[in-house]
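What follows is query-v1.csv (CSV, C-alpha atoms and all ligand atoms).
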chain,number,residue,atom,x,y,z
A,563,MET,CA,-15.6,-85.0,-48.8
A,564,THR,CA,-17.2,-84.7,-52.2
A,565,ASN,CA,-19.2,-87.6,-53.5
A,566,THR,CA,-19.6,-86.5,-57.1
A,567,ARG,CA,-17.6,-88.1,-59.9
A,568,THR,CA,-14.4,-86.1,-59.9
A,569,THR,CA,-14.4,-86.2,-63.7
A,570,ASP,CA,-17.6,-84.3,-63.6
A,571,VAL,CA,-15.9,-81.0,-62.9
A,572,GLU,CA,-19.1,-78.9,-62.9
A,573,ALA,CA,-20.9,-81.1,-60.4
A,574,THR,CA,-17.8,-81.3,-58.2
A,575,VAL,CA,-17.1,-77.6,-58.2
A,576,ARG,CA,-20.8,-77.0,-57.4
A,577,GLN,CA,-20.6,-79.3,-54.4
A,578,ILE,CA,-17.4,-77.7,-53.1
A,579,LYS,CA,-19.1,-74.3,-53.3
A,580,THR,CA,-22.1,-75.7,-51.4
A,581,LEU,CA,-19.9,-77.2,-48.7
A,582,GLU,CA,-17.9,-73.9,-48.5
A,583,LYS,CA,-21.1,-71.9,-48.0
A,584,ILE,CA,-22.1,-74.0,-45.0
A,585,GLY,CA,-18.8,-73.7,-43.4
A,586,ALA,CA,-16.4,-76.4,-44.6
A,587,ASP,CA,-12.7,-75.4,-44.1
A,588,ILE,CA,-11.1,-78.1,-46.2
A,589,VAL,CA,-12.6,-80.4,-48.9
A,590,ARG,CA,-11.2,-83.8,-49.9
A,591,ILE,CA,-11.7,-85.2,-53.4
A,592,SER,CA,-11.1,-88.8,-54.6
A,593,VAL,CA,-8.6,-88.9,-57.4
A,594,PRO,CA,-8.6,-92.5,-58.5
A,595,THR,CA,-7.4,-92.1,-62.1
A,596,MET,CA,-5.3,-89.9,-64.4
A,597,ASP,CA,-8.5,-88.6,-65.9
A,598,ALA,CA,-9.7,-87.6,-62.4
A,599,ALA,CA,-6.3,-85.9,-62.0
A,600,GLU,CA,-6.9,-83.9,-65.1
A,601,ALA,CA,-10.3,-83.0,-63.9
A,602,PHE,CA,-8.7,-81.9,-60.6
A,603,ARG,CA,-6.8,-79.3,-62.5
A,604,HIS,CA,-10.0,-77.6,-63.7
A,605,ILE,CA,-11.6,-78.0,-60.3
A,606,ARG,CA,-8.5,-76.3,-58.7
A,607,GLU,CA,-8.9,-73.4,-61.1
A,608,GLN,CA,-12.4,-72.7,-60.0
A,609,THR,CA,-12.1,-72.7,-56.2
A,610,SER,CA,-9.7,-71.3,-53.6
A,611,MET,CA,-10.9,-73.9,-51.0
A,612,PRO,CA,-8.0,-75.9,-49.6
A,613,LEU,CA,-8.2,-79.3,-51.4
A,614,VAL,CA,-7.0,-82.7,-50.3
A,615,ALA,CA,-6.5,-85.3,-53.0
A,616,ASP,CA,-7.4,-88.8,-51.9
A,617,ILE,CA,-5.0,-91.2,-53.7
A,618,HIS,CA,-4.4,-94.9,-53.3
A,619,PHE,CA,-1.3,-96.6,-54.5
A,620,ASP,CA,-0.6,-94.7,-57.8
A,621,TYR,CA,2.2,-92.3,-57.0
A,622,ARG,CA,1.9,-90.7,-60.5
A,623,ILE,CA,-1.5,-89.3,-59.7
A,624,ALA,CA,0.1,-87.6,-56.6
A,625,LEU,CA,2.8,-86.1,-58.8
A,626,ARG,CA,0.2,-84.8,-61.2
A,627,VAL,CA,-2.1,-83.2,-58.8
A,628,ALA,CA,0.9,-81.7,-57.0
A,629,GLU,CA,1.5,-79.8,-60.3
A,630,TYR,CA,-2.1,-78.6,-60.3
A,631,GLY,CA,-2.1,-77.0,-56.9
A,632,VAL,CA,-3.3,-79.6,-54.4
A,633,ASN,CA,-2.9,-78.5,-50.8
A,634,CYS,CA,-2.6,-81.9,-49.2
A,635,LEU,CA,-2.1,-85.5,-50.4
A,636,ARG,CA,-3.9,-88.2,-48.6
A,637,ILE,CA,-1.6,-91.1,-49.5
A,638,ASN,CA,0.1,-93.8,-47.5
A,639,PRO,CA,3.8,-93.8,-48.3
A,640,GLY,CA,4.1,-97.5,-47.5
A,641,ASN,CA,1.6,-98.3,-50.2
A,642,ILE,CA,3.2,-96.4,-53.0
A,643,GLY,CA,5.9,-99.1,-53.9
A,644,SER,CA,9.6,-98.6,-54.4
A,645,LYS,CA,11.8,-96.2,-52.4
A,646,GLN,CA,12.3,-94.1,-55.5
A,647,ARG,CA,8.6,-93.6,-55.9
A,648,ILE,CA,8.1,-92.6,-52.3
A,649,ARG,CA,11.0,-90.2,-52.5
A,650,SER,CA,9.6,-88.6,-55.7
A,651,VAL,CA,6.3,-87.9,-53.9
A,652,VAL,CA,7.9,-86.6,-50.8
A,653,ASP,CA,10.3,-84.4,-52.8
A,654,VAL,CA,7.5,-82.8,-54.7
A,655,ALA,CA,5.5,-82.3,-51.5
A,656,ARG,CA,8.5,-80.6,-49.9
A,657,ASP,CA,9.2,-78.4,-52.9
A,658,LYS,CA,5.6,-77.2,-53.3
A,659,ASN,CA,4.8,-77.0,-49.6
A,660,ILE,CA,2.1,-79.7,-49.8
A,661,SER,CA,1.2,-81.6,-46.7
A,662,ILE,CA,0.6,-85.4,-46.6
A,663,ARG,CA,-2.1,-87.2,-44.6
A,664,ILE,CA,-1.3,-90.7,-43.6
A,665,GLY,CA,-4.8,-92.3,-43.5
A,666,VAL,CA,-5.0,-95.7,-41.8
A,667,ASN,CA,-8.4,-97.2,-42.0
A,668,GLY,CA,-9.7,-100.3,-40.2
A,669,GLY,CA,-11.2,-101.7,-43.4
A,670,SER,CA,-7.9,-101.8,-45.3
A,671,LEU,CA,-5.4,-102.8,-42.7
A,672,GLU,CA,-2.3,-104.6,-44.0
A,673,ARG,CA,-2.8,-108.4,-44.2
A,674,ASP,CA,0.2,-109.2,-41.9
A,675,LEU,CA,-1.2,-106.9,-39.2
A,676,GLN,CA,-4.7,-108.5,-39.6
A,677,GLU,CA,-3.0,-111.9,-39.1
A,678,LYS,CA,-0.8,-110.6,-36.2
A,679,TYR,CA,-3.7,-109.1,-34.2
A,680,GLY,CA,-6.5,-111.4,-35.4
A,681,GLU,CA,-9.1,-108.8,-35.1
A,682,MET,CA,-9.4,-105.0,-35.4
A,683,THR,CA,-7.4,-103.5,-32.6
A,684,ALA,CA,-6.0,-100.1,-31.8
A,685,GLU,CA,-2.5,-101.6,-31.6
A,686,GLY,CA,-2.8,-102.9,-35.2
A,687,LEU,CA,-4.0,-99.5,-36.5
A,688,VAL,CA,-1.3,-97.6,-34.7
A,689,GLU,CA,1.4,-100.1,-35.8
A,690,SER,CA,0.3,-99.5,-39.4
A,691,ALA,CA,0.3,-95.7,-39.0
A,692,MET,CA,3.8,-95.8,-37.5
A,693,ARG,CA,5.2,-97.7,-40.4
A,694,HIS,CA,4.1,-94.8,-42.7
A,695,VAL,CA,5.3,-92.2,-40.2
A,696,ASP,CA,8.7,-93.9,-40.0
A,697,ILE,CA,9.1,-93.7,-43.8
A,698,LEU,CA,8.4,-90.0,-43.8
A,699,GLU,CA,10.6,-89.3,-40.8
A,700,ARG,CA,13.5,-91.2,-42.5
A,701,LEU,CA,13.1,-88.8,-45.4
A,702,LYS,CA,13.1,-85.9,-42.9
A,703,PHE,CA,9.6,-84.9,-44.0
A,704,ASP,CA,7.5,-83.7,-41.0
A,705,GLN,CA,4.6,-81.8,-42.7
A,706,PHE,CA,2.2,-84.6,-42.3
A,707,LYS,CA,-0.9,-85.5,-40.3
A,708,VAL,CA,-2.3,-88.9,-39.4
A,709,SER,CA,-5.6,-90.5,-39.1
A,710,VAL,CA,-6.4,-94.0,-37.6
A,711,LYS,CA,-10.1,-94.5,-38.3
A,712,ALA,CA,-12.2,-97.5,-37.4
A,713,SER,CA,-15.9,-98.0,-37.5
A,714,ASP,CA,-15.9,-99.0,-33.8
A,715,VAL,CA,-15.9,-96.0,-31.4
A,716,PHE,CA,-13.8,-97.7,-28.7
A,717,VAL,CA,-11.1,-98.9,-31.1
A,718,THR,CA,-10.9,-95.5,-32.8
A,719,VAL,CA,-10.7,-93.6,-29.5
A,720,ASP,CA,-8.0,-96.0,-28.2
A,721,SER,CA,-6.0,-95.7,-31.4
A,722,TYR,CA,-5.9,-91.9,-31.3
A,723,ASN,CA,-5.0,-91.9,-27.7
A,724,GLN,CA,-2.1,-94.2,-28.4
A,725,LEU,CA,-1.0,-92.2,-31.4
A,726,ALA,CA,-1.2,-88.9,-29.6
A,727,SER,CA,1.3,-90.2,-27.1
A,728,ARG,CA,3.7,-91.2,-29.8
A,729,ILE,CA,3.8,-88.4,-32.4
A,730,ASP,CA,3.7,-84.6,-32.3
A,731,GLN,CA,2.1,-84.1,-35.7
A,732,PRO,CA,-1.6,-83.1,-36.1
A,733,LEU,CA,-4.2,-85.8,-36.0
A,734,HIS,CA,-7.2,-85.9,-38.3
A,735,LEU,CA,-10.2,-87.4,-36.6
A,736,GLY,CA,-13.0,-89.5,-37.9
A,737,ILE,CA,-15.1,-92.6,-37.3
A,738,THR,CA,-15.0,-94.4,-40.6
A,739,GLU,CA,-18.1,-95.8,-42.2
A,740,ALA,CA,-20.0,-94.5,-39.3
A,741,GLY,CA,-23.4,-95.2,-40.8
A,742,GLY,CA,-26.5,-93.3,-41.8
A,743,ALA,CA,-27.3,-89.7,-41.0
A,744,ARG,CA,-28.6,-90.3,-37.5
A,745,SER,CA,-26.7,-93.3,-36.3
A,746,GLY,CA,-23.5,-92.0,-37.9
A,747,ALA,CA,-23.9,-88.6,-36.3
A,748,VAL,CA,-24.3,-90.1,-32.9
A,749,LYS,CA,-21.3,-92.5,-33.2
A,750,SER,CA,-19.2,-89.6,-34.5
A,751,ALA,CA,-20.3,-87.3,-31.7
A,752,VAL,CA,-19.5,-89.9,-29.0
A,753,GLY,CA,-16.1,-90.9,-30.5
A,754,LEU,CA,-14.9,-87.5,-31.5
A,755,GLY,CA,-16.4,-85.8,-28.4
A,756,LEU,CA,-14.3,-88.1,-26.2
A,757,LEU,CA,-11.1,-87.2,-28.1
A,758,LEU,CA,-11.7,-83.5,-28.6
A,759,SER,CA,-12.7,-83.1,-25.0
A,760,GLU,CA,-9.2,-84.5,-24.1
A,761,GLY,CA,-7.6,-82.0,-26.5
A,762,ILE,CA,-6.9,-84.6,-29.2
A,763,GLY,CA,-7.6,-83.8,-32.8
A,764,ASP,CA,-6.8,-81.0,-35.2
A,765,THR,CA,-9.0,-81.6,-38.2
A,766,LEU,CA,-12.0,-83.8,-38.6
A,767,ARG,CA,-14.4,-85.4,-41.1
A,768,ILE,CA,-17.7,-86.9,-40.3
A,769,SER,CA,-18.3,-89.9,-42.6
A,770,LEU,CA,-22.0,-90.4,-43.2
A,771,ALA,CA,-23.9,-92.4,-45.7
A,772,ALA,CA,-25.7,-89.2,-46.5
A,773,ASP,CA,-25.4,-85.9,-48.3
A,774,PRO,CA,-21.9,-84.4,-47.6
A,775,VAL,CA,-23.8,-81.2,-46.5
A,776,GLU,CA,-25.0,-83.2,-43.5
A,777,GLU,CA,-21.4,-84.2,-42.7
A,778,ILE,CA,-20.4,-80.5,-42.3
A,779,LYS,CA,-23.5,-79.7,-40.3
A,780,VAL,CA,-22.8,-82.6,-37.9
A,781,GLY,CA,-19.2,-81.7,-37.6
A,782,PHE,CA,-20.1,-78.1,-36.7
A,783,ASP,CA,-22.7,-79.3,-34.2
A,784,ILE,CA,-20.0,-81.4,-32.5
A,785,LEU,CA,-17.6,-78.5,-32.4
A,786,LYS,CA,-20.3,-76.1,-31.2
A,787,SER,CA,-21.4,-78.4,-28.4
A,788,LEU,CA,-17.8,-78.6,-27.2
A,789,ARG,CA,-17.4,-74.8,-27.6
A,790,ILE,CA,-14.4,-75.3,-29.9
A,791,ARG,CA,-15.9,-73.5,-32.9
A,792,SER,CA,-19.0,-71.4,-33.1
A,793,ARG,CA,-20.7,-70.4,-36.3
A,794,GLY,CA,-24.3,-69.5,-36.9
A,795,VAL,CA,-27.3,-69.9,-34.6
A,796,ASN,CA,-26.9,-72.3,-31.6
A,797,PHE,CA,-30.5,-73.3,-30.8
A,798,ILE,CA,-31.4,-74.2,-27.3
A,799,ALA,CA,-34.8,-75.9,-27.4
A,800,CYS,CA,-36.9,-77.9,-24.9
A,801,PRO,CA,-38.0,-81.4,-25.8
A,802,THR,CA,-41.7,-80.3,-25.5
A,803,CYS,CA,-44.5,-81.7,-23.4
A,804,SER,CA,-48.2,-80.9,-22.8
A,805,ARG,CA,-47.2,-77.6,-21.3
A,806,GLN,CA,-45.9,-76.2,-24.5
A,807,GLU,CA,-47.8,-73.1,-25.6
A,808,PHE,CA,-46.6,-73.2,-29.3
A,809,ASP,CA,-45.2,-75.9,-31.6
A,810,VAL,CA,-41.6,-75.9,-30.4
A,811,ILE,CA,-40.5,-78.7,-32.7
A,812,ASN,CA,-41.8,-77.1,-35.9
A,813,THR,CA,-40.5,-73.7,-34.8
A,814,VAL,CA,-36.9,-75.0,-34.3
A,815,ASN,CA,-36.9,-77.1,-37.5
A,816,THR,CA,-38.2,-74.3,-39.6
A,817,LEU,CA,-35.9,-71.7,-38.2
A,818,GLU,CA,-32.9,-74.0,-38.5
A,819,GLN,CA,-33.6,-74.2,-42.3
A,820,ARG,CA,-34.4,-70.6,-42.8
A,821,LEU,CA,-31.4,-69.3,-40.9
A,822,GLU,CA,-28.7,-71.5,-42.4
A,823,ASP,CA,-27.1,-68.4,-44.0
A,824,ILE,CA,-26.3,-66.7,-40.7
A,825,VAL,CA,-22.7,-67.2,-39.8
A,826,VAL,CA,-22.4,-64.9,-36.7
A,827,PRO,CA,-22.3,-67.1,-33.6
A,828,MET,CA,-25.4,-66.5,-31.4
A,829,ASP,CA,-27.5,-68.5,-28.9
A,830,VAL,CA,-31.3,-68.6,-29.4
A,831,SER,CA,-33.4,-70.4,-26.8
A,832,ILE,CA,-36.9,-71.6,-27.9
A,833,ILE,CA,-38.7,-73.0,-24.9
A,834,GLY,CA,-42.3,-74.0,-24.8
A,835,CYS,CA,-43.4,-72.7,-21.4
A,836,VAL,CA,-42.3,-70.6,-18.4
A,837,VAL,CA,-40.9,-73.6,-16.5
A,838,ASN,CA,-37.5,-73.3,-18.1
A,839,GLY,CA,-38.1,-70.5,-20.6
A,840,PRO,CA,-36.9,-67.4,-18.6
A,841,GLY,CA,-33.9,-69.2,-17.2
A,842,GLU,CA,-32.6,-70.3,-20.7
A,843,ALA,CA,-33.4,-66.9,-22.2
A,844,GLU,CA,-31.2,-65.2,-19.6
A,845,ALA,CA,-28.2,-67.0,-21.0
A,846,SER,CA,-29.1,-66.4,-24.7
A,847,HIS,CA,-28.9,-63.6,-27.2
A,848,ILE,CA,-32.5,-64.0,-28.0
A,849,GLY,CA,-35.0,-66.1,-26.1
A,850,VAL,CA,-38.7,-67.0,-26.2
A,851,ALA,CA,-40.7,-68.6,-23.4
A,852,GLY,CA,-44.2,-69.9,-24.3
A,853,SER,CA,-47.2,-68.4,-22.7
A,854,ASN,CA,-50.9,-68.5,-23.5
A,855,ARG,CA,-51.0,-64.7,-23.5
A,856,GLY,CA,-48.5,-64.5,-26.3
A,857,SER,CA,-45.0,-65.8,-25.8
A,858,ALA,CA,-42.5,-63.7,-23.8
A,859,TYR,CA,-39.5,-62.4,-25.8
A,860,TYR,CA,-36.1,-61.8,-24.3
A,861,ASP,CA,-33.3,-59.8,-25.7
A,862,GLU,CA,-29.8,-60.3,-24.1
A,863,GLY,CA,-31.6,-62.0,-21.2
A,864,LYS,CA,-33.9,-59.1,-20.5
A,865,ARG,CA,-37.6,-59.6,-20.8
A,866,GLN,CA,-39.1,-57.2,-23.4
A,867,LYS,CA,-42.6,-55.7,-23.2
A,868,GLU,CA,-43.4,-56.9,-26.7
A,869,ARG,CA,-44.9,-60.4,-26.9
A,870,PHE,CA,-44.8,-62.8,-29.8
A,871,ASP,CA,-48.1,-63.9,-31.2
A,872,ASN,CA,-48.0,-67.7,-31.0
A,873,ASP,CA,-49.5,-68.1,-34.5
A,874,LYS,CA,-46.9,-65.8,-36.1
A,875,LEU,CA,-44.0,-66.7,-33.8
A,876,ILE,CA,-41.7,-68.2,-36.4
A,877,ASP,CA,-41.8,-65.1,-38.7
A,878,GLN,CA,-41.5,-62.7,-35.7
A,879,LEU,CA,-38.6,-64.6,-34.2
A,880,GLU,CA,-36.8,-64.8,-37.6
A,881,THR,CA,-37.0,-61.0,-37.9
A,882,LYS,CA,-35.6,-60.5,-34.4
A,883,ILE,CA,-32.8,-63.1,-34.9
A,884,ARG,CA,-31.7,-61.5,-38.2
A,885,ALA,CA,-31.7,-58.1,-36.7
A,886,LYS,CA,-29.6,-59.4,-33.8
A,887,ALA,CA,-27.2,-61.2,-36.1
A,888,ALA,CA,-26.7,-58.0,-38.1
A,889,MET,CA,-26.0,-56.1,-34.9
A,890,LEU,CA,-23.5,-58.6,-33.6
A,891,ASP,CA,-21.8,-58.8,-37.0
A,892,LYS,CA,-21.4,-55.0,-37.0
A,893,LYS,CA,-20.1,-55.1,-33.4
A,894,ASN,CA,-17.5,-57.7,-34.4
A,895,ARG,CA,-16.3,-55.6,-37.3
A,896,ILE,CA,-15.9,-52.6,-35.1
A,897,ASN,CA,-14.0,-54.6,-32.5
A,898,ILE,CA,-11.7,-56.0,-35.3
A,899,LYS,CA,-11.2,-52.4,-36.6
A,900,ASP,CA,-10.4,-51.2,-33.1
A,901,GLU,CA,-7.9,-54.0,-32.7
A,902,VAL,CA,-6.2,-53.1,-35.9
A,903,ASN,CA,-6.1,-49.4,-35.0
A,904,MET,CA,-4.6,-50.3,-31.6
A,905,LYS,CA,-1.9,-52.4,-33.2
A,906,LYS,CA,-1.1,-49.5,-35.6
A,907,LEU,CA,-0.9,-47.2,-32.6
A,908,HIS,CA,1.4,-49.5,-30.7
A,909,THR,CA,3.7,-50.0,-33.7
A,910,ARG,CA,4.0,-46.2,-34.1
A,911,THR,CA,4.8,-45.5,-30.4
A,1001,LIG,FE1,-42.6,-79.0,-21.2
A,1001,LIG,FE2,-42.1,-76.4,-20.6
A,1001,LIG,FE3,-40.2,-78.3,-20.2
A,1001,LIG,FE4,-40.8,-77.5,-22.6
A,1001,LIG,S1,-39.9,-76.2,-21.0
A,1001,LIG,S2,-40.6,-79.6,-21.9
A,1001,LIG,S3,-43.0,-77.1,-22.5
A,1001,LIG,S4,-42.2,-78.2,-19.2

Just give me the structure as structure tokens.
Amino acid sequence: MTNTRTTDVEATVRQIKTLEKIGADIVRISVPTMDAAEAFRHIREQTSMPLVADIHFDYRIALRVAEYGVNCLRINPGNIGSKQRIRSVVDVARDKNISIRIGVNGGSLERDLQEKYGEMTAEGLVESAMRHVDILERLKFDQFKVSVKASDVFVTVDSYNQLASRIDQPLHLGITEAGGARSGAVKSAVGLGLLLSEGIGDTLRISLAADPVEEIKVGFDILKSLRIRSRGVNFIACPTCSRQEFDVINTVNTLEQRLEDIVVPMDVSIIGCVVNGPGEAEASHIGVAGSNRGSAYYDEGKRQKERFDNDKLIDQLETKIRAKAAMLDKKNRINIKDEVNMKKLHTRT
């Protein structure tokens, strides 16, 4: 989600492009006013990224951004007001093939549900979500997804589990107001990991009090660790101890930054000594195992004669990883081309 002022079109477009570059599939933008809706029009013109407009209460803003090419409206139909207003938003969404996200959030649960349940509960969040779902279903609109986010991991997981058993629509996952970069990432990984490992969840957003770039990175790391999506280099690194023969931590941190532009999925193991180095390297595209005679270098699990100079290891490793990424990329392209040719052949015969 962008955190620029939406009325600052230039800054918002710049941030969307940055998020796109590091792998975001969808970007959400707050549209709190009509001025922001007008800015949205210019933002839309400058990016093909699927955009979700985050709107609260004012149905006119939803109608306006629908005219300007929004892909999804995050708006809760029960909060829009009269039936006529709800219908006008749903009609325009249907006409323009725009999806709606119902977004229930623990911090803004309806007062009557707060009183009914006394505290934040999964039952309260799900009851709130189902009120909005019922409105859309009565209007025979099914192109919606739902989120039920709480800042508590257990309440969030319980809510999504309950919701998944009640509706067939996609679920958008998130732990809301998860916290700072580190604690928020951990909370999100635990909560979303539990859900995703059960097959629950279709889109996700990591909410961090940090640069949105971090949100995307954490999201990808969660998906990578569950082997749901892979993009870029997956580093396997040891925690280090006195046996390490080179500075593993600095090597990994430096390479993570230098290799952010690589999108081809590949595993690289960076291990400080021969205790675990050869074993991890065997399962990686590129591997290095620390040694005081120059670190051993593995390609596709096979030990190479060449050794890395421990003082120049970062540069040497970067060169090898880039070459391997280019090779894997070429291989992928050839496979895709072969697949297309095979399809053509089958359609001809
Ligand atoms: Fe220590 Fe070697 Fe284990 Fe790394 S792999 S933590 S250097 S024993």

Using only C-alpha atoms and all ligand atoms, which residues have at least one atom no more than 12 Å from ligand LIG 1001 (chain A)? Output them as an mmCIF file with C-alpha atoms, keeping the file's coordinate frame.
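What ended up in result-v9.cif:
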data_model
loop_
_atom_site.group_PDB
_atom_site.id
_atom_site.type_symbol
_atom_site.label_atom_id
_atom_site.label_comp_id
_atom_site.auth_asym_id
_atom_site.auth_seq_id
_atom_site.Cartn_x
_atom_site.Cartn_y
_atom_site.Cartn_z
ATOM 1 C CA ILE A 798 -31.400 -74.200 -27.300
ATOM 2 C CA ALA A 799 -34.800 -75.900 -27.400
ATOM 3 C CA CYS A 800 -36.900 -77.900 -24.900
ATOM 4 C CA PRO A 801 -38.000 -81.400 -25.800
ATOM 5 C CA THR A 802 -41.700 -80.300 -25.500
ATOM 6 C CA CYS A 803 -44.500 -81.700 -23.400
ATOM 7 C CA SER A 804 -48.200 -80.900 -22.800
ATOM 8 C CA ARG A 805 -47.200 -77.600 -21.300
ATOM 9 C CA GLN A 806 -45.900 -76.200 -24.500
ATOM 10 C CA GLU A 807 -47.800 -73.100 -25.600
ATOM 11 C CA PHE A 808 -46.600 -73.200 -29.300
ATOM 12 C CA ASP A 809 -45.200 -75.900 -31.600
ATOM 13 C CA VAL A 810 -41.600 -75.900 -30.400
ATOM 14 C CA ILE A 811 -40.500 -78.700 -32.700
ATOM 15 C CA SER A 831 -33.400 -70.400 -26.800
ATOM 16 C CA ILE A 832 -36.900 -71.600 -27.900
ATOM 17 C CA ILE A 833 -38.700 -73.000 -24.900
ATOM 18 C CA GLY A 834 -42.300 -74.000 -24.800
ATOM 19 C CA CYS A 835 -43.400 -72.700 -21.400
ATOM 20 C CA VAL A 836 -42.300 -70.600 -18.400
ATOM 21 C CA VAL A 837 -40.900 -73.600 -16.500
ATOM 22 C CA ASN A 838 -37.500 -73.300 -18.100
ATOM 23 C CA GLY A 839 -38.100 -70.500 -20.600
ATOM 24 C CA PRO A 840 -36.900 -67.400 -18.600
ATOM 25 C CA GLY A 841 -33.900 -69.200 -17.200
ATOM 26 C CA GLU A 842 -32.600 -70.300 -20.700
ATOM 27 C CA ALA A 843 -33.400 -66.900 -22.200
ATOM 28 C CA VAL A 850 -38.700 -67.000 -26.200
ATOM 29 C CA ALA A 851 -40.700 -68.600 -23.400
ATOM 30 C CA GLY A 852 -44.200 -69.900 -24.300
ATOM 31 C CA SER A 853 -47.200 -68.400 -22.700
ATOM 32 C CA ASN A 854 -50.900 -68.500 -23.500
ATOM 33 C CA SER A 857 -45.000 -65.800 -25.800
#

request  = Give me, please, the distance in Å between CA of Arg663 (chain A) and CA of Leu698 (chain A), quoted to one decimal.
outcome  =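 These two atoms are separated by 10.9 Å.
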
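The gap separating CA of Gly585 (chain A) from CA of Phe706 (chain A) is 23.7 Å, in Å to one decimal.
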
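For the choices A:Gly794, A:Tyr860, A:Ser750, A:Val651, the atom-to-atom distance to Gly781 (chain A) is smallest for A:Ser750 when using only C-alpha atoms.
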
- Tell me which protein, DNA and RNA residues are within 12 Å of Arg789 (chain A), counting all atoms listed in the file, leaving out same-chain ones fewer than 6 positions away, and put them as a VMD selection string. chain A and resid 755 758 to 759 782 to 783 796 827 829

Separation of CA of Ala601 (chain A) from CA of Arg622 (chain A) in Å:
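Separation of CA of Arg622 (chain A) and CA of Ala601 (chain A): 14.8 Å.
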